[in-house]
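Have a look at the structure below before the remarks.
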Amino acid sequence: MIEQILITIATAATPLLIAAIGELVVERSGVLNLGVEGMMIMGAVTGFGVALTTGSPWLGVFAAILVGALFSLLFGFLTLTLVTNQVATGLALTLLGLGLSGMIGEAFVGQPGVKLAAIYIPGLTDIPFVGRLLFGQDPLFYVSILLTVGVAWFLFRTRAGLTLRSVGDNHGSAHALGINVIGIRYLAVMFGGACAGLAGAFLSLVYTTQWIENMSAGRGWIALALVVFASWRPLRVLAGAYLFGAVSIGQLHAQALGIGIPSQLLSALPYLATILVLVLISRNRRLTMINTPASLGRPFVPDR
Amino acid sequence: MSADTAAVNLLEVRGLTKIFGSLKACDAVDLTIRKGEIHALLGENGAGKSTLVKMLFGSLEPYSGEIRWNGQPVKIANPNAARKLGIGMVFQHFSLFEALSAAENIALSLDDQTPISTIAAKAQALSYSYGLPLDPYSLVGDLSVGERQRIEIIRCLLQTPDLIILDEPTSVLTPQEADKLFETLERLRAEGKSILYISHRLEEVKRMCDAATVMRHGKVVAHCDPRQETAASLARMMVGSEVHAVVRAPIEGIETAEALLEVRNLSRKPATPFSMPLKNISLNVRAGEVIGIAGVAGNGQGEFFEAVSGEAMQLEAGTVRIRGQDAGKLSITGRRLLGAAFVPEERLGHGAAPRMKLSENLFLSRYATDSKAFLGPGGVVKESAIDAATQRIVQEMDVRKSARDPEAAALSGGNLQKFIIGRELDRRPTVMVVNQPTWGVDAGAAAKIRQSLIELARSGSAVLVISQDLDELFEISDAISVMHNGELSRPLPRAEATLEKIGLLMGGAEPGHVDHGLESV
Amino acid sequence: MRIELVRRPQHSALFSALSPFIALGLTLVAGAIMFSVLGKNPVEALYYYFIDPLTGIWDPSNRWQLHELAIKAAPLILIAVGLSVCYLSNNWNIGAEGQFIAGAIVGSFIPVVFPGFHSWIVLPLMLILGMAGGAAYAAIPAFFKVRFNTNEILTSLMLVYVAQLFNDWLVRGIWRNPEGMSFPGTIRFSEWAILPQIWPDSGRAHWGFVFALVAAVVVWFMLSKTLKGFEVKVLGQSPRAGRFAGFSSGKVVFFAFLLSGALAGLAGISEVAGPIEHLNEKISIGYGFTAIIVAFLGRLNPLGIVAAGIILALTYLGGESAQIAIGVSDKAVRAFQGMLLFFVLACDTLIHYRIRFVGAPAMKAESGKAGTA
């Protein structure tokens, strides 16, 4: 029972974690992409559609990653090359993603999807209590953990990660030193888009295995909040994602138990929790001020 | 340096030109730097010095012209290419990252994959050998301006460059720190390195440089030997005409004059993680006098300005008094209504909104004090009255502009500063507080601004000038205080103040204070 | 080839005026491509989207369509006018959808809870309550922003989901019409609680459209002619200069959020008391989000927003008629709207920058006036 609950929590947390880790890299490079929700839903519809037509969930996953990255490129072109307002452009990406996905996905509504199967390692997966938790989850769960550790290592242990952080801290200085600010930001934005696409594929290939319009249901926004909550640190994103996973699974169980609280109000809990967490974390002004990448959201036009 | 070492030219620049829009920032510039010389690049703000060195460092792309390095024509596409050639640069506005450590900052400009710990050890060793001690693991955000410059210099030296470009390096240092820097530069010259030294401080150029190139309006106007010139003759070359010295009439009976601005035991906690607390500051500015506050950047001047102006209010009303009235709890608007006027350091984005028109920027600081003239019933803005006042100030301060009412960002630094100062002078304020009145301003505009501040004081107002430019303070102040580490020294009357004394105070030596001694520079 | 931006010394008045039109043109082209990909005749599709709903101008038998246009445009304009104040002051309220719902709920209180209260005062009370509800709901992110420095983008958006769920609970739960055959929704409002129609002879457009026009003119005057408007703009463009001017950023945060919340709330109650005539779970078709596009297409100028609101309303109506006439999915509308915002933002770059296309041999290719965009 407890193992089952932990696994469902992991299932709820994984898409948040993947999307948030991607956005963390984007924000560390000094770019605020509010289009996570839009890239995620595009990934969800692409993953679902490709898996449905080819029968291969893995092809769906790769297509979702590709579409997420391409979709983010749209954002990159506007904010990095044309220097548009990042907040407004991110919103535009979300609105466009929700609209396009609804149109593309119309044919998929009600169709049974293809599930990305959980892995099974004979012997290990069968270990009581921890076997399925550690060795029997869906492959993307392991991807999400590797991604988190990998990003942490990249950011704080490699020269390339240092360069990326420097661009987020002061793009003027980085440019003066000859660092290709815009090139690095393009790469970061595309990485974020790929992650959001992957998170979307998780929703439609693992979480529910069907296509429902707007099925991301604000998870892209919660992922954005997680990055703030984690004060731009990968391992704290992991903790935050599982905390949110626990809240959403908790409210689902409460609904199932029928404890007398209307289901809609329980469903609102993750959103209310997001607000609460944001308020708590931002109360500590010093903490947010020190950790926020100093160039976050600021326009950059190199002089040549 | 004697003639026998002057054999080969390290760098030759011929006809280098850079165009921004319709402005020729550099117009067919020629420059020759020999091996082992300190070469001064002189010119006013906006003469094109920074554009030139940015092209040499690969940050800007030349429009036309040739650069030869050791006799070979080269194309410097980016700063990495410049570093590979052996050109290093110490920026005026440091290119540092506050959230990273000193070692990480250094690592970013080294192209190889050397581990940070190795870089840190090397940097530390090098810093001690040049007498510029540095802790490689300290966070840049926590460091003073002088320490930040050390990181820039060490970073540059670690690349073992043959040519080091220094852009206005002494503008952020105390005179004693500057002396230390000169020693380092002379040692580098002795090691055979060449240095391109950008400055507008003519005394140091005369003292240290072997050759000089003078620029004006984007063109080279002279190549000369600064040791053969006088400061006045160099200044003439830079400005192109005689610079009118500021006239400071003596004041009499100042002892009995009324204190119009009084600061009493002002303390302030740091508002942000990187800002300086203010400690128990007291100061009087009397009718008729100009008081100057000297100090190295980042010692609390900005915080002090905010506290006096009311952008940051105090807990106790008596800490700031304007015209004898308690103003500590008043907002900036309330203090303006008492007759005070303020000019902050940052022109664009603080003193003026960059994308707003001049008339709107006039309204910005005067809608309350001139509400009768500028506002109608219901808060409706009277545009014609504001426009008339704008044109009056433009006339009075000789503000040059391309349109009748351009956006603030479209003006040059000097012209915008004349407008911002003029905007406040136009009110005939009783108390005027100015932070860095002439930084980045050309000599003509600077002289005009300084003269107008003195005249305001002599007409019976109290003027407080915060500046990092000691020459400026010596020119206009009747007494000079020094701000160091959030504390303010007792004002020294102009007659007693020497460069030496003020320099020591800027470095942290406060005679009479017992709580801290003389810090090592 | 690479693209370079060259900052204009002054913003371009020409492109300030032209950029929305260029964006519209590009959206039409992109839309035509989209319809072709969907296998529809693009000309026909665009006709149904943008011309067909306007035939009422010359054809009296289609005049009802203009009324429908006004019904769709009213909430868009009302919300976007409020958002323009927010965005000009750099307050990113993206939760207007939630404030719209909050206004609808609070405004519906009297006709739902006291259905027997019949008086001329019911309607004004409903409108006031609707505005108060929207404003109060918008005050939450404003309070968090001012008091705790909390990011208003995320909080205002999260509150949209909360409002939707709360409304869903109300209309399926304690406010459900017992005679509604298990359909979610409240009882139908009494005639005292219904907004009057403007010209009942030709269609059902109601006073909500008039409110929208009045709000646009009043806010336009406030923004362009008064000290308050100056304060909003300075703090938005240059917060530090705004503080130097003596303006309080906290007060302006509240001002912008309360104003936009009140207008969104008014839009919400007008929608419920107008065409829908009762509160149900799907009172909004995304007006709060589409209004963001309206605000930007109108270049954050309330008068421009009136035109932009009508254009976006056209896409809603056009989407319906294109679906009926040639079977284009109504989902295409939102994709269309999203594209429009993208193009609007991209074209706004032309206002402050010249765009220069730099070929591989970069030097000497251009002179000072090269590459005028």
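Identifiers in this document derive from the order of the structure tokens: chains are assigned A, B, ..., residues are numbered from 1 separately in each chain, and ligands are numbered from 1 in order of occurrence.
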Set the distance at 7 Å and use only C-alpha atoms: which residues neighbour Ala205 of chain C once local chain neighbours fewer than 5 positions away are removed? I'd like the list as an MDAnalysis selection string. chainID C and resid 67:68 70:71 197:198
Mind dumping the selected residues with N, CA and C atoms as a JSON list (two decimals), in the first residue's frame?
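In the end it all went to result13.json:
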[["chain", "number", "residue", "atom", "x", "y", "z"],
["C", 67, "HIS", "N", -24.51, 42.43, -33.54],
["C", 67, "HIS", "CA", -24.83, 42.37, -32.10],
["C", 67, "HIS", "C", -24.00, 41.30, -31.42],
["C", 68, "GLU", "N", -23.89, 40.16, -32.08],
["C", 68, "GLU", "CA", -23.08, 39.09, -31.50],
["C", 68, "GLU", "C", -21.63, 39.53, -31.35],
["C", 70, "ALA", "N", -20.61, 42.56, -30.83],
["C", 70, "ALA", "CA", -20.53, 43.44, -29.66],
["C", 70, "ALA", "C", -20.55, 42.62, -28.38],
["C", 71, "ILE", "N", -21.34, 41.54, -28.36],
["C", 71, "ILE", "CA", -21.42, 40.72, -27.16],
["C", 71, "ILE", "C", -20.08, 40.07, -26.86],
["C", 197, "GLN", "N", -31.02, 45.25, -23.35],
["C", 197, "GLN", "CA", -30.38, 45.25, -24.64],
["C", 197, "GLN", "C", -30.35, 46.67, -25.20],
["C", 198, "ILE", "N", -29.39, 46.92, -26.07],
["C", 198, "ILE", "CA", -29.23, 48.29, -26.58],
["C", 198, "ILE", "C", -30.28, 48.60, -27.64]]
Near segment 166-169 of chain C, counting only C-alpha atoms, which residues have an atom at most 7 Å away, once you skip same-chain residues fewer than 3 positions from it, shown as a list in words?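 Listing them by chain and then by number gives Gln264 and Leu265 of chain A; Val162, Ala163, Arg172, Gly173 and Glu281 of chain C.
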C:Pro42, C:Pro115, C:Gly265, C:Gly246: which is nearest chain B, counting only C-alpha atoms?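 Closest to chain B of all the choices is C:Gly246.
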Could you check how far atom CA of Arg147 of chain C sits from atom CA of Pro239 of chain C, in Å to one decimal?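 A separation of 17.1 Å between them.
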Hey, which of C:Ala322, C:Ile22, C:Val234, C:Ala332 ends up closest to chain B? Count only C-alpha atoms.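 Residue with the minimum atom-to-atom distance to chain B: C:Val234.
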Taking only C-alpha atoms into account, find every residue of chain A that has an atom no more than 10 Å from chain B, and write it out as a PyMOL selection string. chain A and resi 157-160+162-163+165-180+285-287+289-294+302-304
For the residues in that selection, give me C-alpha atoms as a CSV table (one decimal), in the first residue's frame.
chain,number,residue,atom,x,y,z
A,157,ARG,CA,31.1,21.1,-11.9
A,158,THR,CA,31.8,21.9,-15.5
A,159,ARG,CA,33.3,24.9,-17.3
A,160,ALA,CA,30.4,25.0,-19.6
A,162,LEU,CA,30.1,28.0,-15.2
A,163,THR,CA,29.8,29.9,-18.5
A,165,ARG,CA,25.7,30.7,-15.0
A,166,SER,CA,27.9,33.7,-15.9
A,167,VAL,CA,25.6,34.6,-18.7
A,168,GLY,CA,22.7,34.5,-16.3
A,169,ASP,CA,24.5,36.6,-13.8
A,170,ASN,CA,25.7,39.5,-16.0
A,171,HIS,CA,25.2,39.3,-19.8
A,172,GLY,CA,27.1,42.5,-20.3
A,173,SER,CA,30.2,41.2,-18.7
A,174,ALA,CA,30.0,37.9,-20.4
A,175,HIS,CA,29.7,39.6,-23.8
A,176,ALA,CA,32.7,41.8,-23.0
A,177,LEU,CA,34.7,38.7,-22.2
A,178,GLY,CA,33.8,37.3,-25.6
A,179,ILE,CA,31.3,34.7,-24.4
A,180,ASN,CA,28.5,34.1,-27.0
A,285,ARG,CA,13.8,38.7,0.4
A,286,ARG,CA,17.5,38.2,1.0
A,287,LEU,CA,17.4,34.6,-0.1
A,289,MET,CA,17.8,38.3,-4.1
A,290,ILE,CA,21.0,36.4,-3.7
A,291,ASN,CA,19.9,33.4,-5.7
A,292,THR,CA,17.9,34.9,-8.5
A,293,PRO,CA,20.1,35.0,-11.7
A,294,ALA,CA,20.7,38.8,-11.9
A,302,PRO,CA,25.0,43.1,-28.1
A,303,ASP,CA,26.7,46.1,-29.6
A,304,ARG,CA,28.8,45.2,-32.6
Excluding Val344 of chain C and residues on its chain fewer than 5 positions from it, collect all residues at most 7 Å away from it, counting only C-alpha atoms, and give them as a count of residues only. 3
Residue neighbourhood Val210 of chain C, 12 Å, only C-alpha atoms, exclusion window fewer than 6 positions, as a JSON list (two decimals) with N, CA and C atoms, in the first residue's frame:
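What follows is the written file result_4.json:
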[["chain", "number", "residue", "atom", "x", "y", "z"],
["C", 70, "ALA", "N", -20.61, 42.56, -30.83],
["C", 70, "ALA", "CA", -20.53, 43.44, -29.66],
["C", 70, "ALA", "C", -20.55, 42.62, -28.38],
["C", 71, "ILE", "N", -21.34, 41.54, -28.36],
["C", 71, "ILE", "CA", -21.42, 40.72, -27.16],
["C", 71, "ILE", "C", -20.08, 40.07, -26.86],
["C", 73, "ALA", "N", -17.15, 41.20, -28.04],
["C", 73, "ALA", "CA", -16.11, 42.21, -27.87],
["C", 73, "ALA", "C", -16.15, 42.86, -26.49],
["C", 74, "ALA", "N", -17.36, 42.98, -25.92],
["C", 74, "ALA", "CA", -17.49, 43.73, -24.66],
["C", 74, "ALA", "C", -16.57, 43.19, -23.56],
["C", 75, "PRO", "N", -16.64, 41.89, -23.22],
["C", 75, "PRO", "CA", -15.74, 41.44, -22.15],
["C", 75, "PRO", "C", -14.27, 41.56, -22.53],
["C", 77, "ILE", "N", -12.83, 43.82, -24.40],
["C", 77, "ILE", "CA", -12.38, 45.22, -24.26],
["C", 77, "ILE", "C", -12.29, 45.60, -22.78],
["C", 78, "LEU", "N", -13.34, 45.26, -22.03],
["C", 78, "LEU", "CA", -13.34, 45.62, -20.60],
["C", 78, "LEU", "C", -12.10, 45.05, -19.91],
["C", 195, "LEU", "N", -29.30, 42.52, -17.84],
["C", 195, "LEU", "CA", -28.88, 43.78, -18.47],
["C", 195, "LEU", "C", -29.77, 44.07, -19.67],
["C", 196, "PRO", "N", -30.26, 45.29, -19.81],
["C", 196, "PRO", "CA", -31.10, 45.61, -20.97],
["C", 196, "PRO", "C", -30.30, 45.54, -22.27],
["C", 197, "GLN", "N", -31.02, 45.25, -23.35],
["C", 197, "GLN", "CA", -30.38, 45.25, -24.64],
["C", 197, "GLN", "C", -30.35, 46.67, -25.20],
["C", 198, "ILE", "N", -29.39, 46.92, -26.07],
["C", 198, "ILE", "CA", -29.23, 48.29, -26.58],
["C", 198, "ILE", "C", -30.28, 48.60, -27.64],
["C", 199, "TRP", "N", -30.31, 47.78, -28.70],
["C", 199, "TRP", "CA", -31.35, 47.92, -29.72],
["C", 199, "TRP", "C", -32.04, 46.57, -29.89],
["C", 216, "ALA", "N", -13.06, 52.28, -21.77],
["C", 216, "ALA", "CA", -11.91, 52.55, -22.63],
["C", 216, "ALA", "C", -11.62, 54.05, -22.68],
["C", 217, "VAL", "N", -12.66, 54.87, -22.84],
["C", 217, "VAL", "CA", -12.44, 56.31, -22.95],
["C", 217, "VAL", "C", -11.93, 56.88, -21.63],
["C", 266, "LEU", "N", -16.54, 43.28, -13.74],
["C", 266, "LEU", "CA", -17.69, 43.88, -14.44],
["C", 266, "LEU", "C", -17.99, 43.09, -15.72],
["C", 267, "ALA", "N", -16.93, 42.70, -16.41],
["C", 267, "ALA", "CA", -17.13, 41.89, -17.61],
["C", 267, "ALA", "C", -17.81, 40.58, -17.25],
["C", 270, "SER", "N", -21.45, 41.18, -16.30],
["C", 270, "SER", "CA", -22.19, 41.59, -17.50],
["C", 270, "SER", "C", -22.46, 40.39, -18.40],
["C", 306, "VAL", "N", -10.08, 49.01, -28.13],
["C", 306, "VAL", "CA", -11.46, 48.88, -28.64],
["C", 306, "VAL", "C", -11.42, 48.20, -30.01]]
